[in-house]
Structure formats: structure tokens, C-alpha cells
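Shown next: final-v4.pdb, given as PDB, C-alpha atoms.
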```pdb
MODEL        1
ATOM      1  CA  MET L 803     163.082 119.769  52.077
ATOM      2  CA  ASP L 804     165.638 121.936  50.305
ATOM      3  CA  SER L 805     168.447 122.261  52.852
ATOM      4  CA  LYS L 806     169.553 125.601  51.437
ATOM      5  CA  ILE L 807     168.364 128.756  53.113
ATOM      6  CA  TYR L 808     167.661 131.512  50.597
ATOM      7  CA  ASP L 809     168.068 135.157  51.459
ATOM      8  CA  VAL L 810     164.853 135.934  49.579
ATOM      9  CA  ILE L 811     162.009 133.759  48.339
ATOM     10  CA  ILE L 812     159.775 135.515  45.832
ATOM     11  CA  ILE L 813     156.301 134.072  45.333
ATOM     12  CA  GLY L 814     155.069 135.005  41.856
ATOM     13  CA  SER L 815     156.692 135.684  38.499
ATOM     14  CA  GLY L 816     154.920 138.625  36.900
ATOM     15  CA  PRO L 817     156.563 142.038  36.407
ATOM     16  CA  ALA L 818     156.706 142.609  40.178
ATOM     17  CA  GLY L 819     158.281 139.271  41.048
ATOM     18  CA  LEU L 820     160.791 139.256  38.209
ATOM     19  CA  THR L 821     161.873 142.851  38.800
ATOM     20  CA  ALA L 822     162.329 142.066  42.487
ATOM     21  CA  ALA L 823     164.465 139.064  41.526
ATOM     22  CA  ILE L 824     166.674 141.173  39.266
ATOM     23  CA  TYR L 825     167.327 143.578  42.127
ATOM     24  CA  THR L 826     167.876 141.002  44.865
ATOM     25  CA  THR L 827     170.294 138.873  42.853
ATOM     26  CA  ARG L 828     172.229 141.936  41.729
ATOM     27  CA  ALA L 829     172.532 142.738  45.430
ATOM     28  CA  ASN L 830     174.181 139.319  45.848
ATOM     29  CA  LEU L 831     171.211 137.881  47.730
ATOM     30  CA  LYS L 832     170.517 134.197  47.141
ATOM     31  CA  THR L 833     167.088 134.303  45.533
ATOM     32  CA  LEU L 834     164.439 131.716  44.690
ATOM     33  CA  VAL L 835     161.358 132.515  42.607
ATOM     34  CA  VAL L 836     158.361 130.224  43.070
ATOM     35  CA  ALA L 837     157.143 131.019  39.583
ATOM     36  CA  GLY L 838     154.012 128.883  39.309
ATOM     37  CA  GLY L 839     153.014 126.242  36.787
ATOM     38  CA  LYS L 840     151.965 129.064  34.451
ATOM     39  CA  TRP L 841     154.671 131.611  35.073
ATOM     40  CA  GLY L 842     154.767 135.207  33.910
ATOM     41  CA  GLY L 843     151.496 136.656  35.153
ATOM     42  CA  GLN L 844     148.806 138.424  33.144
ATOM     43  CA  LEU L 845     151.246 139.742  30.531
ATOM     44  CA  MET L 846     151.667 136.199  29.215
ATOM     45  CA  LEU L 847     148.061 136.562  28.025
ATOM     46  CA  THR L 848     148.606 139.955  26.384
ATOM     47  CA  THR L 849     149.660 140.796  22.848
ATOM     48  CA  ALA L 850     151.083 144.258  22.158
ATOM     49  CA  VAL L 851     152.256 146.252  25.179
ATOM     50  CA  ASP L 852     152.610 149.862  24.064
ATOM     51  CA  ASN L 853     152.979 151.639  27.403
ATOM     52  CA  TYR L 854     156.026 149.934  28.919
ATOM     53  CA  PRO L 855     158.956 152.386  28.831
ATOM     54  CA  GLY L 856     161.867 151.600  26.555
ATOM     55  CA  PHE L 857     159.959 150.021  23.673
ATOM     56  CA  PRO L 858     159.010 152.769  21.189
ATOM     57  CA  ASP L 859     157.404 150.269  18.831
ATOM     58  CA  GLY L 860     155.770 148.259  21.615
ATOM     59  CA  ILE L 861     156.532 144.685  22.660
ATOM     60  CA  GLN L 862     154.555 141.478  22.930
ATOM     61  CA  GLY L 863     153.621 140.631  26.530
ATOM     62  CA  PRO L 864     155.200 137.136  26.536
ATOM     63  CA  ASP L 865     158.373 138.558  24.962
ATOM     64  CA  LEU L 866     158.646 141.160  27.716
ATOM     65  CA  MET L 867     158.206 138.569  30.448
ATOM     66  CA  THR L 868     160.675 136.152  28.840
ATOM     67  CA  ALA L 869     163.257 138.934  28.642
ATOM     68  CA  MET L 870     162.711 139.798  32.314
ATOM     69  CA  ARG L 871     163.122 136.172  33.342
ATOM     70  CA  LYS L 872     166.327 135.755  31.317
ATOM     71  CA  GLN L 873     167.684 138.907  32.925
ATOM     72  CA  ALA L 874     166.953 137.568  36.407
ATOM     73  CA  GLU L 875     168.490 134.200  35.521
ATOM     74  CA  ARG L 876     171.604 135.908  34.201
ATOM     75  CA  PHE L 877     172.187 137.438  37.629
ATOM     76  CA  GLY L 878     171.709 134.081  39.341
ATOM     77  CA  THR L 879     168.038 133.817  40.295
ATOM     78  CA  GLU L 880     166.823 130.247  40.783
ATOM     79  CA  PHE L 881     163.346 129.333  39.524
ATOM     80  CA  ILE L 882     160.918 126.542  40.259
ATOM     81  CA  ASP L 883     157.965 126.449  37.869
ATOM     82  CA  GLU L 884     155.573 125.053  40.463
ATOM     83  CA  ASP L 885     152.558 126.546  42.219
ATOM     84  CA  PHE L 886     152.928 127.920  45.729
ATOM     85  CA  GLU L 887     150.959 125.800  48.201
ATOM     86  CA  THR L 888     151.492 127.115  51.722
ATOM     87  CA  GLY L 889     153.737 129.418  53.669
ATOM     88  CA  ASP L 890     154.461 129.382  57.386
ATOM     89  CA  PHE L 891     154.338 133.027  58.448
ATOM     90  CA  SER L 892     152.729 132.352  61.825
ATOM     91  CA  PRO L 893     154.085 134.014  64.981
ATOM     92  CA  SER L 894     155.970 131.708  67.314
ATOM     93  CA  ALA L 895     154.506 131.189  70.761
ATOM     94  CA  GLY L 896     154.854 134.208  73.038
ATOM     95  CA  SER L 897     157.200 136.217  70.814
ATOM     96  CA  GLY L 898     154.726 137.870  68.445
ATOM     97  CA  GLN L 899     157.315 137.410  65.711
ATOM     98  CA  ALA L 900     157.133 134.922  62.837
ATOM     99  CA  GLN L 901     159.357 131.894  63.070
ATOM    100  CA  LYS L 902     162.581 132.167  61.074
ATOM    101  CA  PRO L 903     163.563 131.088  58.565
ATOM    102  CA  PHE L 904     160.262 131.222  56.717
ATOM    103  CA  ARG L 905     159.043 127.963  55.280
ATOM    104  CA  VAL L 906     157.400 127.891  51.822
ATOM    105  CA  LYS L 907     155.922 124.797  50.196
ATOM    106  CA  ALA L 908     155.566 124.189  46.442
ATOM    107  CA  ALA L 909     154.837 120.866  44.716
ATOM    108  CA  GLY L 910     155.039 119.104  48.066
ATOM    109  CA  LYS L 911     158.550 120.351  48.806
ATOM    110  CA  ASP L 912     159.630 122.837  51.495
ATOM    111  CA  TYR L 913     161.955 125.772  50.851
ATOM    112  CA  LEU L 914     163.485 128.005  53.507
ATOM    113  CA  GLY L 915     164.001 131.744  53.206
ATOM    114  CA  LYS L 916     165.231 134.523  55.479
ATOM    115  CA  SER L 917     162.748 136.917  53.863
ATOM    116  CA  ILE L 918     159.721 136.691  51.567
ATOM    117  CA  ILE L 919     158.339 138.875  48.775
ATOM    118  CA  ILE L 920     154.711 138.175  47.888
ATOM    119  CA  ALA L 921     154.056 139.002  44.229
ATOM    120  CA  THR L 922     151.197 136.672  43.327
ATOM    121  CA  GLY L 923     149.166 139.210  41.369
ATOM    122  CA  ALA L 924     145.425 138.964  40.752
ATOM    123  CA  ASP L 925     143.192 136.662  38.701
ATOM    124  CA  THR L 926     140.226 137.233  36.431
ATOM    125  CA  LYS L 927     136.865 137.925  38.036
ATOM    126  CA  TRP L 928     134.134 135.917  36.305
ATOM    127  CA  LEU L 929     130.456 136.809  35.886
ATOM    128  CA  ASP L 930     129.237 133.914  38.019
ATOM    129  CA  VAL L 931     126.089 133.383  35.951
ATOM    130  CA  SER L 932     124.378 130.221  34.755
ATOM    131  CA  GLY L 933     126.165 128.582  31.827
ATOM    132  CA  GLU L 934     129.480 130.360  32.334
ATOM    133  CA  LYS L 935     131.726 127.963  34.228
ATOM    134  CA  GLU L 936     131.103 124.915  32.060
ATOM    135  CA  LYS L 937     131.692 126.911  28.868
ATOM    136  CA  ILE L 938     135.063 128.384  29.764
ATOM    137  CA  GLY L 939     137.168 127.343  26.792
ATOM    138  CA  LYS L 940     134.007 126.566  24.817
ATOM    139  CA  GLY L 941     133.058 130.084  23.879
ATOM    140  CA  VAL L 942     133.692 131.807  27.224
ATOM    141  CA  SER L 943     137.104 133.436  27.650
ATOM    142  CA  SER L 944     138.929 136.161  29.551
ATOM    143  CA  CYS L 945     141.723 136.536  27.025
ATOM    144  CA  ALA L 946     141.111 137.832  23.522
ATOM    145  CA  PRO L 947     144.810 137.658  22.578
ATOM    146  CA  CYS L 948     144.681 133.942  23.407
ATOM    147  CA  ASP L 949     141.361 133.023  21.815
ATOM    148  CA  ALA L 950     140.309 135.673  19.292
ATOM    149  CA  PHE L 951     141.617 133.566  16.409
ATOM    150  CA  PHE L 952     138.902 130.993  17.099
ATOM    151  CA  PHE L 953     136.162 133.565  16.532
ATOM    152  CA  LYS L 954     136.886 134.479  12.938
ATOM    153  CA  ASN L 955     133.758 135.867  11.281
ATOM    154  CA  LYS L 956     131.678 135.217  14.408
ATOM    155  CA  LYS L 957     129.585 137.387  16.705
ATOM    156  CA  THR L 958     131.056 138.157  20.118
ATOM    157  CA  ILE L 959     130.463 140.258  23.214
ATOM    158  CA  VAL L 960     132.838 141.757  25.748
ATOM    159  CA  VAL L 961     131.513 142.329  29.261
ATOM    160  CA  GLY L 962     133.104 145.253  31.073
ATOM    161  CA  GLY L 963     133.820 148.959  30.773
ATOM    162  CA  GLY L 964     137.465 149.467  31.691
ATOM    163  CA  ASP L 965     140.726 149.538  29.749
ATOM    164  CA  SER L 966     140.970 145.748  29.708
ATOM    165  CA  ALA L 967     137.489 145.507  28.166
ATOM    166  CA  MET L 968     138.427 147.982  25.443
ATOM    167  CA  GLU L 969     141.621 146.065  24.708
ATOM    168  CA  GLU L 970     139.664 142.805  24.490
ATOM    169  CA  ALA L 971     137.202 144.404  22.071
ATOM    170  CA  ILE L 972     139.915 145.887  19.858
ATOM    171  CA  VAL L 973     141.777 142.574  19.624
ATOM    172  CA  LEU L 974     138.569 140.672  18.916
ATOM    173  CA  ALA L 975     137.616 143.096  16.149
ATOM    174  CA  ASN L 976     140.630 141.886  14.173
ATOM    175  CA  PHE L 977     138.950 138.494  13.832
ATOM    176  CA  ALA L 978     135.263 138.570  14.738
ATOM    177  CA  ASP L 979     132.463 139.734  12.493
ATOM    178  CA  SER L 980     131.083 141.898  15.299
ATOM    179  CA  VAL L 981     131.946 142.861  18.869
ATOM    180  CA  THR L 982     129.391 144.268  21.292
ATOM    181  CA  VAL L 983     130.633 145.754  24.555
ATOM    182  CA  ILE L 984     128.080 145.252  27.327
ATOM    183  CA  TYR L 985     128.495 147.404  30.406
ATOM    184  CA  ARG L 986     126.338 147.765  33.488
ATOM    185  CA  GLY L 987     126.991 151.504  33.849
ATOM    186  CA  GLU L 988     126.050 154.561  31.815
ATOM    187  CA  THR L 989     129.586 155.629  30.954
ATOM    188  CA  LEU L 990     132.766 153.636  30.391
ATOM    189  CA  ARG L 991     135.515 153.557  33.031
ATOM    190  CA  ALA L 992     138.242 153.142  30.433
ATOM    191  CA  SER L 993     140.813 155.839  29.735
ATOM    192  CA  GLN L 994     139.820 158.249  26.993
ATOM    193  CA  ILE L 995     142.495 157.024  24.595
ATOM    194  CA  MET L 996     141.229 153.438  24.904
ATOM    195  CA  GLN L 997     137.615 154.545  24.506
ATOM    196  CA  ASP L 998     138.515 156.485  21.373
ATOM    197  CA  LYS L 999     140.310 153.492  19.867
ATOM    198  CA  ALA L1000     137.322 151.245  20.473
ATOM    199  CA  ARG L1001     134.711 153.734  19.260
ATOM    200  CA  LYS L1002     136.600 154.350  16.017
ATOM    201  CA  ASN L1003     136.386 150.680  15.103
ATOM    202  CA  PRO L1004     133.249 150.091  12.994
ATOM    203  CA  LYS L1005     132.945 146.506  14.243
ATOM    204  CA  ILE L1006     132.585 147.548  17.892
ATOM    205  CA  LYS L1007     129.194 148.540  19.300
ATOM    206  CA  PHE L1008     128.104 149.386  22.842
ATOM    207  CA  ILE L1009     125.162 148.519  25.081
ATOM    208  CA  PHE L1010     124.961 150.364  28.413
ATOM    209  CA  ASN L1011     123.020 149.836  31.668
ATOM    210  CA  THR L1012     122.900 146.136  30.882
ATOM    211  CA  ILE L1013     124.059 142.910  32.535
ATOM    212  CA  VAL L1014     124.449 139.349  31.282
ATOM    213  CA  THR L1015     122.179 137.044  33.278
ATOM    214  CA  LYS L1016     122.757 133.716  31.519
ATOM    215  CA  ILE L1017     125.020 132.161  28.905
ATOM    216  CA  LEU L1018     123.159 129.916  26.489
ATOM    217  CA  GLY L1019     124.164 126.775  24.635
ATOM    218  CA  GLU L1020     124.808 123.107  25.257
ATOM    219  CA  GLU L1021     128.309 122.156  24.104
ATOM    220  CA  LYS L1022     129.298 125.700  23.170
ATOM    221  CA  VAL L1023     128.051 129.266  23.467
ATOM    222  CA  THR L1024     125.082 130.077  21.231
ATOM    223  CA  GLY L1025     123.819 133.227  22.895
ATOM    224  CA  VAL L1026     123.259 135.170  26.097
ATOM    225  CA  GLU L1027     120.346 136.486  28.078
ATOM    226  CA  ILE L1028     120.724 140.129  29.055
ATOM    227  CA  LYS L1029     118.745 142.540  31.210
ATOM    228  CA  ASN L1030     118.564 146.317  31.282
ATOM    229  CA  ASN L1031     119.237 147.237  34.904
ATOM    230  CA  LYS L1032     117.093 150.380  34.670
ATOM    231  CA  THR L1033     113.988 149.074  32.913
ATOM    232  CA  ASN L1034     114.408 145.378  33.877
ATOM    233  CA  GLU L1035     113.650 144.544  30.240
ATOM    234  CA  ALA L1036     115.102 141.129  29.355
ATOM    235  CA  SER L1037     116.188 139.977  25.908
ATOM    236  CA  LYS L1038     118.397 137.455  24.129
ATOM    237  CA  MET L1039     121.377 137.880  21.828
ATOM    238  CA  ASP L1040     122.597 135.229  19.407
ATOM    239  CA  ILE L1041     126.368 135.224  19.731
ATOM    240  CA  ASP L1042     129.278 132.792  19.526
ATOM    241  CA  GLY L1043     131.659 134.101  22.161
ATOM    242  CA  VAL L1044     131.666 135.825  25.548
ATOM    243  CA  PHE L1045     134.795 137.639  26.717
ATOM    244  CA  VAL L1046     134.776 138.656  30.374
ATOM    245  CA  ALA L1047     136.722 141.748  31.442
ATOM    246  CA  ILE L1048     135.187 142.962  34.708
ATOM    247  CA  GLY L1049     138.143 143.012  37.031
ATOM    248  CA  HIS L1050     140.447 140.869  39.090
ATOM    249  CA  ILE L1051     140.630 139.014  42.385
ATOM    250  CA  PRO L1052     143.909 139.304  44.324
ATOM    251  CA  ASN L1053     145.663 135.993  44.932
ATOM    252  CA  THR L1054     145.754 136.298  48.706
ATOM    253  CA  LYS L1055     143.546 133.483  50.027
ATOM    254  CA  ILE L1056     146.530 131.140  50.040
ATOM    255  CA  PHE L1057     148.294 133.228  52.693
ATOM    256  CA  LYS L1058     147.640 132.812  56.395
ATOM    257  CA  ASN L1059     148.494 135.467  58.979
ATOM    258  CA  ILE L1060     149.007 138.109  56.268
ATOM    259  CA  GLU L1061     146.796 141.133  56.919
ATOM    260  CA  LEU L1062     144.424 142.066  54.063
ATOM    261  CA  ASP L1063     142.380 145.176  53.346
ATOM    262  CA  GLU L1064     138.617 145.312  52.874
ATOM    263  CA  LYS L1065     138.955 144.313  49.197
ATOM    264  CA  GLY L1066     141.124 141.300  49.942
ATOM    265  CA  TYR L1067     144.411 142.861  48.822
ATOM    266  CA  VAL L1068     147.511 142.617  51.003
ATOM    267  CA  LYS L1069     147.596 145.565  53.375
ATOM    268  CA  VAL L1070     150.815 147.551  53.118
ATOM    269  CA  HIS L1071     152.677 149.017  56.084
ATOM    270  CA  ASP L1072     155.491 151.442  55.347
ATOM    271  CA  TYR L1073     156.062 151.190  51.565
ATOM    272  CA  THR L1074     156.087 147.451  50.805
ATOM    273  CA  ARG L1075     156.090 145.807  54.239
ATOM    274  CA  THR L1076     153.318 143.509  55.423
ATOM    275  CA  ASN L1077     152.218 142.999  59.024
ATOM    276  CA  ILE L1078     154.777 140.181  59.297
ATOM    277  CA  ASP L1079     158.335 141.347  59.882
ATOM    278  CA  GLY L1080     160.478 140.130  56.986
ATOM    279  CA  VAL L1081     157.572 139.570  54.575
ATOM    280  CA  PHE L1082     157.180 142.144  51.801
ATOM    281  CA  VAL L1083     154.664 142.595  48.996
ATOM    282  CA  ALA L1084     154.765 143.927  45.442
ATOM    283  CA  GLY L1085     152.408 144.406  42.492
ATOM    284  CA  ASP L1086     148.754 143.747  41.784
ATOM    285  CA  VAL L1087     148.368 141.564  44.866
ATOM    286  CA  HIS L1088     148.319 144.804  46.890
ATOM    287  CA  ASP L1089     147.726 147.448  44.219
ATOM    288  CA  SER L1090     144.025 147.707  43.365
ATOM    289  CA  HIS L1091     144.405 151.230  41.988
ATOM    290  CA  TYR L1092     146.929 151.264  39.137
ATOM    291  CA  ARG L1093     147.262 147.608  38.029
ATOM    292  CA  GLN L1094     149.868 148.404  35.359
ATOM    293  CA  ALA L1095     152.924 146.398  34.371
ATOM    294  CA  VAL L1096     155.232 149.350  34.949
ATOM    295  CA  THR L1097     153.851 150.103  38.422
ATOM    296  CA  ALA L1098     154.059 146.414  39.332
ATOM    297  CA  ALA L1099     157.701 146.438  38.255
ATOM    298  CA  GLY L1100     158.273 149.569  40.326
ATOM    299  CA  PHE L1101     156.755 147.936  43.377
ATOM    300  CA  GLY L1102     158.974 144.910  42.741
ATOM    301  CA  CYS L1103     162.022 147.151  42.791
ATOM    302  CA  ALA L1104     160.860 148.801  46.029
ATOM    303  CA  ALA L1105     160.156 145.470  47.731
ATOM    304  CA  ALA L1106     163.591 144.161  46.779
ATOM    305  CA  LEU L1107     165.324 147.242  48.135
ATOM    306  CA  GLU L1108     163.330 147.065  51.368
ATOM    307  CA  ALA L1109     164.107 143.367  51.752
ATOM    308  CA  GLU L1110     167.803 144.045  51.179
ATOM    309  CA  ARG L1111     167.819 146.764  53.838
ATOM    310  CA  TRP L1112     165.874 144.602  56.268
ATOM    311  CA  LEU L1113     168.264 141.678  55.836
ATOM    312  CA  ARG L1114     171.220 143.991  56.367
ATOM    313  CA  ASP L1115     169.690 145.245  59.607
ATOM    314  CA  GLN L1116     169.322 141.654  60.849
ATOM    315  CA  GLU L1117     173.058 141.032  60.671
TER     316      GLU L1117
ENDMDL
END
```

Once more with this new file: its structure as C-alpha cells, please.
Amino acid sequence: MDSKIYDVIIIGSGPAGLTAAIYTTRANLKTLVVAGGKWGGQLMLTTAVDNYPGFPDGIQGPDLMTAMRKQAERFGTEFIDEDFETGDFSPSAGSGQAQKPFRVKAAGKDYLGKSIIIATGADTKWLDVSGEKEKIGKGVSSCAPCDAFFFKNKKTIVVGGGDSAMEEAIVLANFADSVTVIYRGETLRASQIMQDKARKNPKIKFIFNTIVTKILGEEKVTGVEIKNNKTNEASKMDIDGVFVAIGHIPNTKIFKNIELDEKGYVKVHDYTRTNIDGVFVAGDVHDSHYRQAVTAAGFGCAAALEAERWLRDQE
């Protein structure tokens, strides 16, 4: 076990976690970020980020996250690029309060912290249909910026109707011969500007009121079975790639004793506080509404300030 006791342990290294680290270390709080084996969050899988303030020409997602990490490191944040395993936030017998310091485990090693900021974000929600799981990486993907290159001059579909689905389609259209957006509803959920961008691209087509029921192929994707959810008419499409963009699942199952809402996101009490005194939360792990890099960063700032005030009140 690490014998040091950190003022703040931040679990997660996306925009929320890294912004929180910048603020806590600048406040002279000894800070550890449990960054994960794949640090940086969803922006590490994104190409151009055009809506983050301060970058008039846009910035690549990985470049933005690398800059944030370097900034946190410059102020003294310590990082371990290992996955969080468990955290002891359980109330001690009879007191109703969690035992202090908090104990966090990563890569089999324990770390102690006076306070915790949970910033674990949310992961891709998959279709959960036959043929999907075994073909992830073999024609099934959730990241066009990562994999679009492999679909040059091929036929692809994007499943979903939100901003992320439109972004996937637009990126894919730079490589693929065709991109068909398949959405279960009648109208897209995406913002109007993203819809307009997608509709203006001649390679992108749309099929509404339709779901994917099966992904076809042996070693790789060769097609999909689809069904109209109004007429129940079933048909097949010959395609080479399936890109899933239907939402996210908050990374909260790994936490015990942390109160969640009906969707599985961390429930917030008074700005960024959880139900456990001294444990705070920031970003997409509690925010099911906005899910933007800039709002995640804002929540990271708020969580850091609340943690700083809470620690000061404990003295």
C-alpha cells in the first residue's frame, strides 16, 4: 500500500478528471489521478473538436487531452495509468460516516485519500444483437475517427440519431463509398447544425423507423438484417461496417455505497457532492443531459472547488 495520504484522489482522466486535477494541485492539494489503462476518456477517440472554447480553428481530441494532462502534471498532479478496481466508501459501524481516509485500489495496490472525486465518465452502449460482440474490431466499431480508414471505398451504416451518430457518419463519409444512418425513430435527435452537415453530404443516406436485428458474416461483417418497427417488414443490407452510436452507460457499477439515480448515473446532492461525505462527482458519470467536454470540464472545476472547501472545513 502507498503509505502517502493524498488530499484528493481523482478516479478518471477525461476532461472532468483532468480539470479537477488542475484546480486541486493549484490549490496546493496533494493529488493523485487514477487515470486508467486507456487514459483520457472519450475525447481520445475523437478527431476534430470544434466547440471547445479557446480554439478558433478547432483541436484534435487527443491533443486537447494531452495538453490538459501536461497542465495538471506541471502543477504537480501524480498519475497512475492503471484501472480503478475498488474503493472503500462504506460507513463505519454505528457512525453512519465513511471510514477515513478513503481507500482506493488500482492494479492490486491500495492508495489512501482524504477526499475522492469520481470522474469515470460513460462507455459506449452496444446494440446487443446476434453477431455484434464477436465482430467488434472486425467490422463493428463505435469510433469512426479510429476505424474509418479501414473502410475506404466500402459500404457502411451508422446506428443512432444523435449528434454522435451524425459525427460518425460525417467522418466515415471521408473514406467509405456510402454511409447509411439507421435510426429507430421518425426524426433525428441530433442538433440542427449536425443534421444539416450530415444531410448536405451526398454519401450519407437515412433510413428511419428501423432497427438492426442481426449482424451477418463469419470472420468479418458482410451485412445486417434490419426491421421496420412500424410495418415489421424485415430485409437485409450488404455492408462492410457497422458503427454504433446509440448512447452511453455510466461507469458506476464499480462503486459500492454510492447512490445512483434511476438511469444508473451518480446521484448529486448539493452541486457535486455524493451521498458519502467527502466523495464528489464530476462529468458524464453523473451528467446524462449535456455530455459535452466543456460541461464535463466545468463540473471538474466545481468538484475540485467543493473538495477544497470540504477539506478546509475538516481542519

> Which neighbours of range 813-830 of chain L fall inside 6 Å, counting only C-alpha atoms, when residues of the same chain fewer than 4 positions from it are skipped, and could you give them as a VMD selection string?
Replying inline: chain L and resid 835 to 837 841 to 843 874 877 920 to 922 1084 to 1085 1098 to 1099 1102 to 1103 1106

> Which residues match the PyMOL selection byres ((chain L and resi 1068-1074) around 7) in the file above, as a VMD selection string?
Replying inline: chain L and resid 1054 1061 to 1063 1066 to 1067 1075 to 1077 1082 to 1084 1087 to 1088 1104 to 1105

>> Which residues, named as in the file, does the PyMOL selection byres ((chain L and resi 850) around 12) pick out? Answer as a VMD selection string.
In response: chain L and resid 845 to 849 851 to 854 857 to 866 946 to 947 969 to 970 972 to 973

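Between Val906 in chain L and the residues L:Val1046, L:Ala967, L:Ile918, L:Val1096, the shortest atom-to-atom distance, using all atoms listed in the file, involves L:Ile918.
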
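Listed by chain and then by number, the residues chosen by the PyMOL selection byres ((chain L and resi 987) around 8) in this file are Gly963, Tyr985, Arg986, Glu988, Thr989, Leu990, Phe1010, Asn1011 and Thr1012 of chain L.
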
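In this model, the gap between CA of Ser993 in chain L and CA of Gly962 in chain L comes to 13.2 Å.
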
> Any idea what the distance is between CA of Arg1093 in chain L and CA of Ala869 in chain L?
Replying inline: 20.5 Å

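Distances here use only C-alpha atoms; by that measure, the residue among L:Ser943, L:Ser932, L:Asn976, L:Thr982 closest to Thr1015 in chain L is L:Ser932.
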
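The coordinates place CA of Ile959 in chain L at 5.3 Å from CA of Val981 in chain L.
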
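Using only C-alpha atoms for every distance, the candidate list L:Ala978, L:Gly964, L:Lys954, L:Ile1078 yields L:Ile1078 as the residue closest to Lys902 in chain L.
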
> Contacts of Val931 in chain L at 8 Å or less, counting all atoms listed in the file, minus same-chain residues fewer than 5 places along, as a ChimeraX atom specification?
Replying inline: /L:1014-1017

> Which protein, DNA or RNA residues are at most 10 Å from (167.3, 144.3, 52.5) in the file's coordinates when you count all atoms listed in the file, listed as number ranges by chain?
Replying inline: L: 809-810, 826, 829, 831, 917, 1080, 1105-1116

> Nearest to Val961 in chain L: which of L:Glu875, L:Trp928, L:Asp979, L:Asn1059 is it, counting all atoms listed in the file?
Replying inline: L:Trp928

> Do you know which residues are at most 10 Å from Asp949 in chain L counting all atoms listed in the file, after dropping those on the same chain fewer than 4 positions away, and could you put them as an MDAnalysis selection string?
Replying inline: chainID L and resid 847 939 941:945 953 973:974 977 1043 1045

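Among the candidates L:Asp1086, L:Glu1021, L:Asp1079, L:Asp1042, the residue lying nearest to Val960 in chain L is L:Asp1042 (atoms considered: only C-alpha atoms).
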
> Counting all atoms listed in the file, what is within 6 Å of Leu834 in chain L, bar same-chain residues fewer than 3 positions away, as JSON, numbers by chain?
Replying inline: {"L": [811, 880, 881]}

> Between L:Ile1056, L:Ile1041, L:Lys1007, L:Lys940, which has the minimum distance to Glu1020 in chain L (counting all atoms listed in the file)?
Replying inline: L:Lys940
